[in-house]
file model.cif (mmCIF, C-alpha atoms)
data_upload
#
loop_
_atom_site.label_atom_id
_atom_site.label_comp_id
_atom_site.auth_asym_id
_atom_site.auth_seq_id
_atom_site.Cartn_x
_atom_site.Cartn_y
_atom_site.Cartn_z
CA MET A 7 83.69 79.32 71.62
CA SER A 8 87.07 80.57 70.48
CA GLU A 9 89.70 81.16 73.12
CA ILE A 10 90.11 84.73 74.31
CA ARG A 11 93.66 86.04 73.99
CA THR A 12 94.59 88.00 77.07
CA TYR A 13 97.62 89.76 78.51
CA ARG A 14 98.82 88.93 82.04
CA ARG A 15 100.76 91.64 83.81
CA PRO A 16 103.83 90.52 85.79
CA MET A 17 103.60 90.92 89.60
CA GLY A 18 107.21 92.15 89.90
CA ARG A 19 107.89 94.15 93.05
CA TRP A 20 104.22 94.45 93.96
CA TRP A 21 104.85 95.53 97.56
CA THR A 22 106.43 98.80 96.41
CA LYS A 23 103.26 99.89 94.64
CA ASN A 24 101.20 101.04 97.57
CA PRO A 25 101.67 102.27 101.20
CA THR A 26 99.24 99.60 102.51
CA TYR A 27 101.41 96.87 100.98
CA ARG A 28 104.57 98.39 102.50
CA ARG A 29 102.90 98.49 105.91
CA TYR A 30 101.85 94.87 105.50
CA MET A 31 105.41 93.85 104.61
CA ALA A 32 106.75 95.79 107.64
CA ARG A 33 104.29 93.90 109.87
CA GLU A 34 105.35 90.54 108.46
CA ALA A 35 109.09 91.39 108.47
CA SER A 36 108.99 92.59 112.10
CA SER A 37 108.15 89.02 113.12
CA PHE A 38 111.75 88.07 112.22
CA LEU A 39 112.99 90.50 114.90
CA LEU A 40 110.61 88.86 117.42
CA PHE A 41 112.03 85.50 116.36
CA ALA A 42 115.57 86.86 116.89
CA TYR A 43 114.61 87.96 120.43
CA ALA A 44 113.15 84.54 121.22
CA LEU A 45 116.41 82.96 120.02
CA THR A 46 118.44 85.36 122.20
CA LEU A 47 116.46 84.32 125.31
CA LEU A 48 116.70 80.62 124.42
CA TYR A 49 120.43 80.99 123.94
CA GLY A 50 120.66 82.49 127.46
CA LEU A 51 118.72 79.53 128.86
CA TRP A 52 121.08 77.12 127.11
CA ARG A 53 124.12 78.97 128.53
CA LEU A 54 122.50 78.76 132.01
CA SER A 55 122.32 74.98 131.63
CA GLN A 56 126.08 74.94 131.06
CA GLY A 57 126.96 76.41 134.43
CA GLN A 58 127.64 79.72 136.15
CA ALA A 59 130.66 80.79 134.08
CA ALA A 60 128.84 80.27 130.78
CA TYR A 61 125.79 82.17 132.06
CA GLU A 62 127.86 85.09 133.28
CA GLY A 63 129.61 85.15 129.90
CA TRP A 64 126.17 85.55 128.30
CA LEU A 65 125.27 88.34 130.77
CA ALA A 66 128.51 90.12 129.86
CA TRP A 67 127.69 89.80 126.15
CA LEU A 68 124.26 91.38 126.85
CA ALA A 69 126.06 94.51 128.14
CA SER A 70 128.20 94.88 125.01
CA PRO A 71 127.43 97.80 122.64
CA PHE A 72 126.50 95.39 119.83
CA ALA A 73 124.01 93.53 122.06
CA ILE A 74 122.46 96.83 123.17
CA PHE A 75 122.15 97.95 119.55
CA LEU A 76 120.58 94.60 118.66
CA HIS A 77 118.12 94.90 121.56
CA LEU A 78 117.11 98.42 120.49
CA LEU A 79 116.50 97.05 116.99
CA MET A 80 114.46 94.16 118.40
CA LEU A 81 112.51 96.57 120.61
CA LEU A 82 111.67 98.61 117.52
CA GLY A 83 110.54 95.42 115.75
CA MET A 84 108.45 94.49 118.80
CA ILE A 85 106.73 97.90 118.83
CA VAL A 86 106.02 97.79 115.07
CA HIS A 87 104.67 94.26 115.41
CA THR A 88 102.48 95.05 118.43
CA VAL A 89 100.92 98.13 116.85
CA THR A 90 100.31 96.51 113.44
CA TRP A 91 99.07 93.31 115.14
CA PHE A 92 96.41 95.24 117.06
CA GLU A 93 95.57 97.13 113.86
CA VAL A 94 94.48 93.87 112.21
CA ALA A 95 93.07 92.27 115.39
CA PRO A 96 89.54 93.71 114.78
CA LYS A 97 89.52 91.86 111.43
CA THR A 98 90.23 88.48 112.99
CA MET A 99 87.73 88.53 115.87
CA PRO A 100 83.94 88.23 115.84
CA LYS A 101 81.92 91.45 115.73
CA THR A 102 81.99 93.23 119.07
CA GLY A 103 79.97 96.34 118.29
CA LEU A 104 82.99 98.44 119.31
CA PRO A 105 84.64 100.65 116.68
CA GLU A 106 87.78 99.03 115.22
CA ARG A 107 89.89 101.96 116.37
CA ALA A 108 88.84 101.38 119.98
CA ILE A 109 90.00 97.74 119.81
CA THR A 110 93.34 98.79 118.27
CA LEU A 111 93.98 101.62 120.73
CA GLY A 112 92.77 99.51 123.67
CA GLY A 113 95.03 96.64 122.68
CA VAL A 114 98.10 98.84 122.22
CA ALA A 115 97.40 100.64 125.52
CA ALA A 116 96.97 97.32 127.36
CA ALA A 117 100.23 95.98 125.84
CA ALA A 118 102.09 99.18 126.81
CA PHE A 119 100.68 99.07 130.36
CA ALA A 120 101.53 95.38 130.81
CA SER A 121 105.08 96.07 129.55
CA LEU A 122 105.48 98.93 132.04
CA VAL A 123 104.28 96.73 134.92
CA VAL A 124 106.75 93.97 133.94
CA VAL A 125 109.64 96.46 133.61
CA ALA A 126 108.72 98.08 136.97
CA LEU A 127 108.56 94.67 138.69
CA ALA A 128 111.90 93.64 137.16
CA ALA A 129 113.51 96.91 138.25
CA TRP A 130 112.07 96.56 141.77
CA TRP A 131 113.25 92.94 141.99
CA GLY A 132 116.68 93.92 140.66
CA THR A 133 117.21 96.72 143.20
CA SER A 134 115.70 94.97 146.25
CA ARG A 135 118.02 91.94 146.07
CA MET B 14 80.07 126.03 84.83
CA ASN B 15 83.68 126.73 83.95
CA GLU B 16 85.26 124.14 81.70
CA ARG B 17 88.72 122.79 82.46
CA ARG B 18 90.90 120.18 80.79
CA ILE B 19 92.68 117.14 82.20
CA LYS B 20 94.99 114.56 80.62
CA ILE B 21 93.92 110.91 80.86
CA GLU B 22 96.55 108.25 80.17
CA GLY B 23 94.68 105.11 79.19
CA LEU B 24 96.17 101.63 78.96
CA ARG B 25 95.63 100.27 75.46
CA TYR B 26 95.84 96.63 74.51
CA ASN B 27 94.42 95.09 71.38
CA PRO B 28 94.73 91.29 71.57
CA GLU B 29 94.70 91.04 67.76
CA LYS B 30 97.65 93.40 67.20
CA ASP B 31 99.63 94.10 70.38
CA THR B 32 102.12 91.84 72.10
CA GLN B 33 102.01 94.02 75.21
CA PRO B 34 100.04 97.01 76.51
CA ARG B 35 100.97 100.65 75.92
CA PHE B 36 99.64 103.99 77.17
CA GLN B 37 97.82 106.58 75.13
CA THR B 38 97.14 110.11 76.39
CA TYR B 39 93.90 111.97 75.76
CA GLU B 40 93.04 115.52 76.73
CA VAL B 41 89.51 115.73 78.06
CA PRO B 42 87.47 118.87 78.80
CA PHE B 43 85.41 118.51 81.98
CA THR B 44 83.05 120.29 84.29
CA ASP B 45 82.92 120.01 88.09
CA ASP B 46 80.09 117.49 88.03
CA MET B 47 81.82 115.03 85.68
CA SER B 48 82.92 111.61 86.84
CA LEU B 49 85.98 109.80 85.50
CA LEU B 50 83.57 107.42 83.74
CA GLN B 51 82.10 110.40 81.89
CA GLY B 52 85.64 111.39 80.96
CA LEU B 53 86.22 107.92 79.48
CA GLN B 54 82.90 108.18 77.65
CA TYR B 55 84.02 111.55 76.25
CA ILE B 56 87.12 109.83 74.85
CA LYS B 57 85.05 107.06 73.27
CA ASP B 58 82.44 109.43 71.81
CA ASN B 59 84.75 112.21 70.59
CA LEU B 60 88.39 111.19 70.43
CA ASP B 61 88.80 107.44 69.91
CA GLY B 62 85.88 105.09 69.32
CA SER B 63 88.08 102.03 69.77
CA PHE B 64 88.82 102.78 73.46
CA THR B 65 87.21 99.89 75.37
CA PHE B 66 85.87 99.82 78.94
CA ARG B 67 82.88 98.37 80.80
CA TRP B 68 80.15 100.35 82.48
CA SER B 69 76.43 100.23 83.07
CA CYS B 70 74.55 101.98 85.88
CA ARG B 71 76.71 105.11 86.50
CA MET B 72 75.75 105.10 90.22
CA ALA B 73 77.92 102.57 92.08
CA ILE B 74 75.34 99.79 92.04
CA CYS B 75 76.20 97.52 89.09
CA GLY B 76 79.90 97.04 89.78
CA SER B 77 80.94 97.10 86.10
CA CYS B 78 83.20 100.15 85.90
CA GLY B 79 86.00 99.25 88.31
CA ILE B 80 89.46 100.27 87.05
CA MET B 81 92.85 101.21 88.48
CA VAL B 82 92.98 104.99 88.91
CA ASN B 83 96.56 106.18 89.48
CA GLY B 84 97.32 102.68 90.79
CA ASN B 85 94.33 102.33 93.14
CA PRO B 86 91.20 100.27 92.43
CA ARG B 87 88.17 102.57 92.10
CA LEU B 88 84.71 102.65 90.58
CA SER B 89 85.16 105.19 87.77
CA CYS B 90 81.52 106.34 88.15
CA GLU B 91 82.05 107.62 91.69
CA THR B 92 85.51 109.08 91.07
CA PHE B 93 85.34 112.72 90.03
CA LEU B 94 87.71 114.38 87.57
CA ARG B 95 87.82 117.52 89.72
CA ASP B 96 89.43 115.44 92.51
CA LEU B 97 92.16 114.16 90.17
CA LEU B 98 93.59 117.57 89.28
CA PRO B 99 96.15 118.53 88.14
CA GLY B 100 96.54 115.17 86.42
CA PRO B 101 97.50 113.34 84.34
CA VAL B 102 95.21 110.51 85.44
CA ARG B 103 96.51 107.04 84.70
CA VAL B 104 93.74 104.51 84.07
CA GLU B 105 94.46 100.78 83.80
CA PRO B 106 92.40 97.61 83.95
CA LEU B 107 91.96 96.06 87.41
CA GLU B 108 95.16 94.45 88.71
CA ASN B 109 95.49 90.67 89.11
CA PHE B 110 93.22 89.95 86.13
CA PRO B 111 94.22 89.12 82.56
CA ILE B 112 93.60 92.07 80.22
CA GLN B 113 91.06 91.30 77.52
CA ARG B 114 91.19 94.63 75.73
CA ASP B 115 92.14 98.13 76.96
CA LEU B 116 90.41 98.53 80.35
CA ALA B 117 88.30 95.37 80.06
CA ILE B 118 89.45 92.37 82.09
CA ASP B 119 88.69 88.68 81.81
CA GLN B 120 86.64 87.86 84.96
CA SER B 121 85.97 84.21 84.10
CA ARG B 122 88.18 82.90 86.92
CA PHE B 123 86.22 84.96 89.45
CA VAL B 124 82.89 83.69 88.11
CA ASP B 125 84.06 80.09 88.61
CA ARG B 126 85.22 80.88 92.15
CA LEU B 127 81.92 82.57 92.90
CA ALA B 128 79.95 79.50 91.78
CA SER B 129 82.17 77.27 93.95
CA VAL B 130 81.00 78.93 97.21
CA LYS B 131 77.29 78.26 96.51
CA PRO B 132 76.26 81.91 96.71
CA TYR B 133 72.62 81.16 97.41
CA ILE B 134 70.63 79.92 100.39
CA VAL B 135 70.99 76.18 101.02
CA PRO B 136 67.90 75.79 103.21
CA ALA B 137 68.36 74.37 106.68
CA ARG B 138 64.99 72.64 106.19
CA GLU B 139 62.50 72.49 103.36
CA LYS B 140 59.66 74.77 104.30
CA PRO B 141 56.25 74.32 102.61
CA LEU B 142 54.78 77.45 101.06
CA ALA B 143 51.74 77.14 103.33
CA GLU B 144 53.90 77.94 106.36
CA GLY B 145 54.40 81.48 105.06
CA PRO B 146 57.58 83.52 104.73
CA HIS B 147 60.81 82.92 106.58
CA LYS B 148 61.00 85.39 109.41
CA GLN B 149 64.22 86.82 110.78
CA THR B 150 64.87 88.93 113.83
CA PRO B 151 66.80 92.20 113.39
CA GLY B 152 69.75 90.44 115.00
CA GLU B 153 69.63 87.59 112.47
CA LEU B 154 69.51 90.15 109.65
CA ALA B 155 72.43 92.11 111.10
CA ALA B 156 74.55 88.92 111.18
CA TYR B 157 74.86 88.92 107.39
CA TYR B 158 73.42 92.22 106.07
CA GLN B 159 76.73 94.05 105.64
CA TYR B 160 78.23 91.17 103.64
CA SER B 161 75.19 91.00 101.37
CA GLN B 162 75.98 94.49 100.05
CA CYS B 163 78.70 93.15 97.72
CA ILE B 164 78.20 94.19 94.09
CA ASN B 165 80.93 91.92 92.61
CA CYS B 166 82.86 94.94 91.32
CA LEU B 167 86.17 93.07 91.91
CA LEU B 168 87.99 96.08 93.41
CA CYS B 169 88.94 93.79 96.33
CA TYR B 170 90.49 91.28 93.90
CA ALA B 171 92.55 94.08 92.34
CA ALA B 172 93.62 95.14 95.87
CA CYS B 173 94.68 91.66 96.97
CA PRO B 174 98.26 90.57 96.13
CA GLN B 175 97.36 86.97 97.05
CA VAL B 176 94.85 86.90 94.17
CA GLY B 177 97.73 87.67 91.80
CA LEU B 178 100.30 85.41 93.49
CA ASN B 179 98.17 82.35 94.25
CA PRO B 180 96.13 81.05 91.30
CA ASN B 181 94.08 78.79 93.61
CA PHE B 182 92.94 81.54 95.98
CA VAL B 183 89.14 81.88 95.98
CA GLY B 184 89.57 85.58 96.76
CA PRO B 185 87.94 88.22 98.98
CA ALA B 186 84.50 88.76 97.41
CA ALA B 187 83.66 85.07 96.91
CA LEU B 188 84.84 84.18 100.44
CA THR B 189 82.78 87.08 101.79
CA LEU B 190 79.69 85.72 100.05
CA LEU B 191 80.55 82.32 101.49
CA HIS B 192 80.38 83.95 104.92
CA ARG B 193 77.25 85.92 104.01
CA TYR B 194 75.27 82.72 103.32
CA ASN B 195 76.82 80.76 106.20
CA ALA B 196 75.75 83.56 108.55
CA ASP B 197 72.14 83.59 107.28
CA SER B 198 69.70 81.94 109.73
CA ARG B 199 67.75 80.42 106.80
CA ASP B 200 70.85 78.63 105.51
CA VAL B 201 72.22 75.27 106.67
CA GLY B 202 75.48 77.11 107.42
CA TRP B 203 79.15 76.12 107.51
CA SER B 204 78.79 72.48 106.39
CA ALA B 205 77.43 73.48 102.95
CA ARG B 206 80.64 75.37 102.10
CA ALA B 207 83.23 73.85 104.44
CA GLU B 208 85.19 72.13 101.67
CA VAL B 209 85.89 75.44 99.88
CA ALA B 210 86.56 77.37 103.10
CA ASN B 211 88.99 74.73 104.45
CA SER B 212 90.89 74.26 101.18
CA GLU B 213 94.37 75.70 100.52
CA GLY B 214 92.79 78.35 98.33
CA GLY B 215 90.04 79.04 100.85
CA VAL B 216 90.28 81.23 103.94
CA TRP B 217 93.92 80.15 104.48
CA GLY B 218 94.93 81.72 101.17
CA CYS B 219 94.39 85.10 102.86
CA THR B 220 97.45 86.66 104.54
CA LEU B 221 95.49 89.64 105.89
CA VAL B 222 96.96 92.45 103.85
CA GLY B 223 93.65 94.20 104.54
CA TYR B 224 93.62 96.47 101.47
CA CYS B 225 90.43 94.75 100.20
CA SER B 226 88.40 96.32 103.00
CA GLN B 227 89.91 99.75 102.36
CA VAL B 228 88.95 99.82 98.69
CA CYS B 229 85.45 98.28 98.98
CA PRO B 230 82.96 100.91 97.72
CA LYS B 231 80.09 99.35 99.68
CA GLY B 232 81.69 99.01 103.14
CA VAL B 233 81.46 95.21 103.04
CA ASP B 234 84.77 94.55 104.87
CA PRO B 235 85.93 91.34 103.13
CA ALA B 236 89.03 91.06 105.36
CA HIS B 237 86.75 90.66 108.39
CA ALA B 238 84.48 88.13 106.69
CA VAL B 239 87.43 85.97 105.59
CA ASN B 240 89.44 86.11 108.80
CA GLN B 241 86.61 85.31 111.19
CA ASN B 242 86.33 82.02 109.33
CA LYS B 243 89.96 81.06 109.96
CA ALA B 244 89.00 80.31 113.59
CA THR B 245 86.01 78.26 112.45
CA SER B 246 88.14 76.42 109.89
CA ALA B 247 90.79 75.63 112.52
CA LEU B 248 88.14 74.24 114.89
CA ASP B 249 86.77 72.22 111.99
CA TYR B 250 90.25 70.78 111.35
CA PHE B 251 90.51 69.51 114.93
CA GLY B 252 86.93 68.23 114.85
CA LEU B 253 85.94 70.70 117.58
CA ARG B 254 83.64 73.00 115.59
CA ALA B 255 80.36 71.35 116.58
CA LEU B 256 81.56 71.06 120.19
CA LEU B 257 82.66 74.68 120.60
CA GLY B 258 80.09 76.21 118.28
CA GLY B 259 82.42 77.96 115.83
CA GLY B 260 80.48 79.29 112.85
CA ARG B 261 76.94 78.11 112.36
#
call {"tool": "encode", "arguments": {"input": "model.cif", "output": "structure tokens"}}
result
Amino acid sequence: MSEIRTYRRPMGRWWTKNPTYRRYMAREASSFLLFAYALTLLYGLWRLSQGQAAYEGWLAWLASPFAIFLHLLMLLGMIVHTVTWFEVAPKTMPKTGLPERAITLGGVAAAAFASLVVVALAAWWGTSR
Amino acid sequence: MNERRIKIEGLRYNPEKDTQPRFQTYEVPFTDDMSLLQGLQYIKDNLDGSFTFRWSCRMAICGSCGIMVNGNPRLSCETFLRDLLPGPVRVEPLENFPIQRDLAIDQSRFVDRLASVKPYIVPAREKPLAEGPHKQTPGELAAYYQYSQCINCLLCYAACPQVGLNPNFVGPAALTLLHRYNADSRDVGWSARAEVANSEGGVWGCTLVGYCSQVCPKGVDPAHAVNQNKATSALDYFGLRALLGGGR
């Protein structure tokens, strides 16, 4: 059989072609902001190991406008990641019989509730000391 | 029925003459009940006999007429011209496949991938004819029924960037059929197809973009079929699959 001559289209900037691809890229990219937050916490732990002065220096940095801006950015990344993560969660688990939307909404609601409980506990602990 | 007109921009590529594809615009009269496939047939019958595309059943069963419609993979037989107004409608061959001619793609890579997943029942035990038919409970049928609805139309391959980026990726439809047979109570299950599923191009080639499930015209949900097997494959890797009962 003679070889078939074909034309292969270049992939180029494939993620710009479709809203689903852009959403996918946002989900994947938001993980870098989660990584940045993990590094921030680890850095604080490292400063703690170096003594009180170093730790308080880190606490002071946390209150700087740049650190607050960075935390708002990381919070946004965290929200995007949580929502998109629960959007794909029904695809990665065995069949439950529940509609996919219920799993997504339930997961996001549970994450939001757990976050509120943690924030409330932290605030209560902070004020009662 | 009132007759309207719509412009169809078709990708043209003749492997004997062209070095790269180009677009050609046709103006097609249509009625409300006409599908895009009928529009393409109008072009071939009345405007340009050399315009090439595949089709067969005209009712979303055969899976031959998948094309990109304004950038989205669709079956042209169940896409209606009235829904594409005002136009123009851009029609291209399915993404992530080499173009053979005009809208016809070369599916040979998919056919090889399909064969690699053993898309047939590998019996758990040889059953003599005298014992009668295999019986399944409604639950056993439900475990695989949805995945058996695949018509190999390849819309999911056109929707999946990993198919285009990773030449080793087995791809959504073939991995879904892998799951369909693994999940069948008459089949020996995971072990028959573990090598393909566990390979680099197997379930781990999927990055869960999820567009495959959105474009599937039969509601098969390839993203679900593929990603459930990542857990099974991971258990297999650690030698825990038989112990914890992942997959069947």
call {"tool": "interface_residues", "arguments": {"input": "model.cif", "of": "chain A", "to": "chain B", "cutoff": "9 Å", "atoms": "all atoms listed in the file", "output": "ChimeraX atom specification"}}
result
/A:10-17,20-21,23-24,26-27,29-31,94,96-101
call {"tool": "resolve_selection", "arguments": {"input": "model.cif", "expression": "the PyMOL selection byres ((chain B and resi 245) around 10)", "output": "PDB file with C-alpha atoms, in the coordinates of the input"}}
result
ATOM      1  CA  TRP B 203      79.150  76.120 107.510  1.00  0.00           C
ATOM      2  CA  ALA B 207      83.230  73.850 104.440  1.00  0.00           C
ATOM      3  CA  ALA B 210      86.560  77.370 103.100  1.00  0.00           C
ATOM      4  CA  ASN B 211      88.990  74.730 104.450  1.00  0.00           C
ATOM      5  CA  VAL B 216      90.280  81.230 103.940  1.00  0.00           C
ATOM      6  CA  ASN B 240      89.440  86.110 108.800  1.00  0.00           C
ATOM      7  CA  GLN B 241      86.610  85.310 111.190  1.00  0.00           C
ATOM      8  CA  ASN B 242      86.330  82.020 109.330  1.00  0.00           C
ATOM      9  CA  LYS B 243      89.960  81.060 109.960  1.00  0.00           C
ATOM     10  CA  ALA B 244      89.000  80.310 113.590  1.00  0.00           C
ATOM     11  CA  SER B 246      88.140  76.420 109.890  1.00  0.00           C
ATOM     12  CA  ALA B 247      90.790  75.630 112.520  1.00  0.00           C
ATOM     13  CA  LEU B 248      88.140  74.240 114.890  1.00  0.00           C
ATOM     14  CA  ASP B 249      86.770  72.220 111.990  1.00  0.00           C
ATOM     15  CA  TYR B 250      90.250  70.780 111.350  1.00  0.00           C
ATOM     16  CA  LEU B 253      85.940  70.700 117.580  1.00  0.00           C
ATOM     17  CA  ARG B 254      83.640  73.000 115.590  1.00  0.00           C
ATOM     18  CA  ALA B 255      80.360  71.350 116.580  1.00  0.00           C
ATOM     19  CA  LEU B 257      82.660  74.680 120.600  1.00  0.00           C
ATOM     20  CA  GLY B 258      80.090  76.210 118.280  1.00  0.00           C
ATOM     21  CA  GLY B 259      82.420  77.960 115.830  1.00  0.00           C
ATOM     22  CA  GLY B 260      80.480  79.290 112.850  1.00  0.00           C
ATOM     23  CA  ARG B 261      76.940  78.110 112.360  1.00  0.00           C
TER      24      ARG B 261
END
call {"tool": "residues_around", "arguments": {"input": "model.cif", "residues": "Thr88 (chain A)", "least_positions_apart": "6", "cutoff": "10 Å", "atoms": "only C-alpha atoms", "output": "short mmCIF file (atom, residue, chain, number, x, y, z; two decimals) with C-alpha atoms, in the coordinates of the input"}}
result
data_model
loop_
_atom_site.label_atom_id
_atom_site.label_comp_id
_atom_site.auth_asym_id
_atom_site.auth_seq_id
_atom_site.Cartn_x
_atom_site.Cartn_y
_atom_site.Cartn_z
CA ARG A 33 104.29 93.90 109.87
CA SER A 36 108.99 92.59 112.10
CA SER A 37 108.15 89.02 113.12
CA LEU A 82 111.67 98.61 117.52
CA THR A 110 93.34 98.79 118.27
CA GLY A 113 95.03 96.64 122.68
CA VAL A 114 98.10 98.84 122.22
CA ALA A 117 100.23 95.98 125.84
CA ALA A 118 102.09 99.18 126.81
#
call {"tool": "resolve_selection", "arguments": {"input": "model.cif", "expression": "the PyMOL selection byres ((chain B and resi 122) around 10)", "output": "PDB file with C-alpha atoms, in the frame of the given file"}}
result
ATOM      1  CA  PHE B 110      93.220  89.950  86.130  1.00  0.00           C
ATOM      2  CA  PRO B 111      94.220  89.120  82.560  1.00  0.00           C
ATOM      3  CA  ASP B 119      88.690  88.680  81.810  1.00  0.00           C
ATOM      4  CA  GLN B 120      86.640  87.860  84.960  1.00  0.00           C
ATOM      5  CA  SER B 121      85.970  84.210  84.100  1.00  0.00           C
ATOM      6  CA  PHE B 123      86.220  84.960  89.450  1.00  0.00           C
ATOM      7  CA  VAL B 124      82.890  83.690  88.110  1.00  0.00           C
ATOM      8  CA  ASP B 125      84.060  80.090  88.610  1.00  0.00           C
ATOM      9  CA  ARG B 126      85.220  80.880  92.150  1.00  0.00           C
ATOM     10  CA  LEU B 127      81.920  82.570  92.900  1.00  0.00           C
ATOM     11  CA  PRO B 180      96.130  81.050  91.300  1.00  0.00           C
ATOM     12  CA  ASN B 181      94.080  78.790  93.610  1.00  0.00           C
ATOM     13  CA  VAL B 183      89.140  81.880  95.980  1.00  0.00           C
TER      14      VAL B 183
END
call {"tool": "resolve_selection", "arguments": {"input": "model.cif", "expression": "the PyMOL selection byres ((chain B and resi 61) around 12)", "output": "ChimeraX atom specification"}}
result
/B:23,25,37-41,53-60,62-65
call {"tool": "write_last_selection", "arguments": {"input": "model.cif", "atoms": "C-alpha atoms", "output": "PDB file, in the coordinates of the input"}}
result
ATOM      1  CA  GLY B  23      94.680 105.110  79.190  1.00  0.00           C
ATOM      2  CA  ARG B  25      95.630 100.270  75.460  1.00  0.00           C
ATOM      3  CA  GLN B  37      97.820 106.580  75.130  1.00  0.00           C
ATOM      4  CA  THR B  38      97.140 110.110  76.390  1.00  0.00           C
ATOM      5  CA  TYR B  39      93.900 111.970  75.760  1.00  0.00           C
ATOM      6  CA  GLU B  40      93.040 115.520  76.730  1.00  0.00           C
ATOM      7  CA  VAL B  41      89.510 115.730  78.060  1.00  0.00           C
ATOM      8  CA  LEU B  53      86.220 107.920  79.480  1.00  0.00           C
ATOM      9  CA  GLN B  54      82.900 108.180  77.650  1.00  0.00           C
ATOM     10  CA  TYR B  55      84.020 111.550  76.250  1.00  0.00           C
ATOM     11  CA  ILE B  56      87.120 109.830  74.850  1.00  0.00           C
ATOM     12  CA  LYS B  57      85.050 107.060  73.270  1.00  0.00           C
ATOM     13  CA  ASP B  58      82.440 109.430  71.810  1.00  0.00           C
ATOM     14  CA  ASN B  59      84.750 112.210  70.590  1.00  0.00           C
ATOM     15  CA  LEU B  60      88.390 111.190  70.430  1.00  0.00           C
ATOM     16  CA  GLY B  62      85.880 105.090  69.320  1.00  0.00           C
ATOM     17  CA  SER B  63      88.080 102.030  69.770  1.00  0.00           C
ATOM     18  CA  PHE B  64      88.820 102.780  73.460  1.00  0.00           C
ATOM     19  CA  THR B  65      87.210  99.890  75.370  1.00  0.00           C
TER      20      THR B  65
END
call {"tool": "atom_distance", "arguments": {"input": "model.cif", "atom1": "CA of Cys90 (chain B)", "atom2": "CA of Arg103 (chain B)"}}
result
15.4 Å
call {"tool": "closest_residue", "arguments": {"input": "model.cif", "among": "B:Leu94, B:Val135, B:Val104, B:Leu188", "to": "Ser212 (chain B)", "atoms": "all atoms listed in the file"}}
result
B:Leu188
call {"tool": "atom_distance", "arguments": {"input": "model.cif", "atom1": "CA of Cys169 (chain B)", "atom2": "CA of Arg28 (chain A)"}}
result
17.4 Å
call {"tool": "closest_residue", "arguments": {"input": "model.cif", "among": "A:Ala95, A:Val124, A:Ala66, A:Ala42", "to": "Leu111 (chain A)", "atoms": "all atoms listed in the file"}}
result
A:Ala95
call {"tool": "build_atoms", "arguments": {"input": "model.cif", "residues": "region 231-244 of chain B", "atoms": "N, CA and C atoms", "output": "short mmCIF file (atom, residue, chain, number, x, y, z; two decimals), in the frame of the given file"}}
result
data_model
loop_
_atom_site.label_atom_id
_atom_site.label_comp_id
_atom_site.auth_asym_id
_atom_site.auth_seq_id
_atom_site.Cartn_x
_atom_site.Cartn_y
_atom_site.Cartn_z
N LYS B 231 81.35 99.56 98.99
CA LYS B 231 80.09 99.35 99.68
C LYS B 231 80.26 99.06 101.17
N GLY B 232 81.46 99.22 101.71
CA GLY B 232 81.69 99.01 103.14
C GLY B 232 81.46 97.58 103.60
N VAL B 233 81.76 96.60 102.72
CA VAL B 233 81.46 95.21 103.04
C VAL B 233 82.47 94.60 104.03
N ASP B 234 83.71 95.06 103.99
CA ASP B 234 84.77 94.55 104.87
C ASP B 234 85.10 93.07 104.63
N PRO B 235 85.59 92.74 103.43
CA PRO B 235 85.93 91.34 103.13
C PRO B 235 86.98 90.76 104.08
N ALA B 236 87.96 91.58 104.49
CA ALA B 236 89.03 91.06 105.36
C ALA B 236 88.43 90.49 106.64
N HIS B 237 87.39 91.15 107.17
CA HIS B 237 86.75 90.66 108.39
C HIS B 237 86.00 89.36 108.13
N ALA B 238 85.27 89.32 107.03
CA ALA B 238 84.48 88.13 106.69
C ALA B 238 85.39 86.91 106.55
N VAL B 239 86.53 87.10 105.86
CA VAL B 239 87.43 85.97 105.59
C VAL B 239 88.11 85.51 106.88
N ASN B 240 88.60 86.49 107.67
CA ASN B 240 89.44 86.11 108.80
C ASN B 240 88.68 85.56 109.99
N GLN B 241 87.41 85.94 110.15
CA GLN B 241 86.61 85.31 111.19
C GLN B 241 86.51 83.81 110.95
N ASN B 242 86.52 83.43 109.67
CA ASN B 242 86.33 82.02 109.33
C ASN B 242 87.59 81.19 109.50
N LYS B 243 88.75 81.84 109.71
CA LYS B 243 89.96 81.06 109.96
C LYS B 243 89.81 80.31 111.29
N ALA B 244 89.21 80.98 112.30
CA ALA B 244 89.00 80.31 113.59
C ALA B 244 88.06 79.12 113.41
#
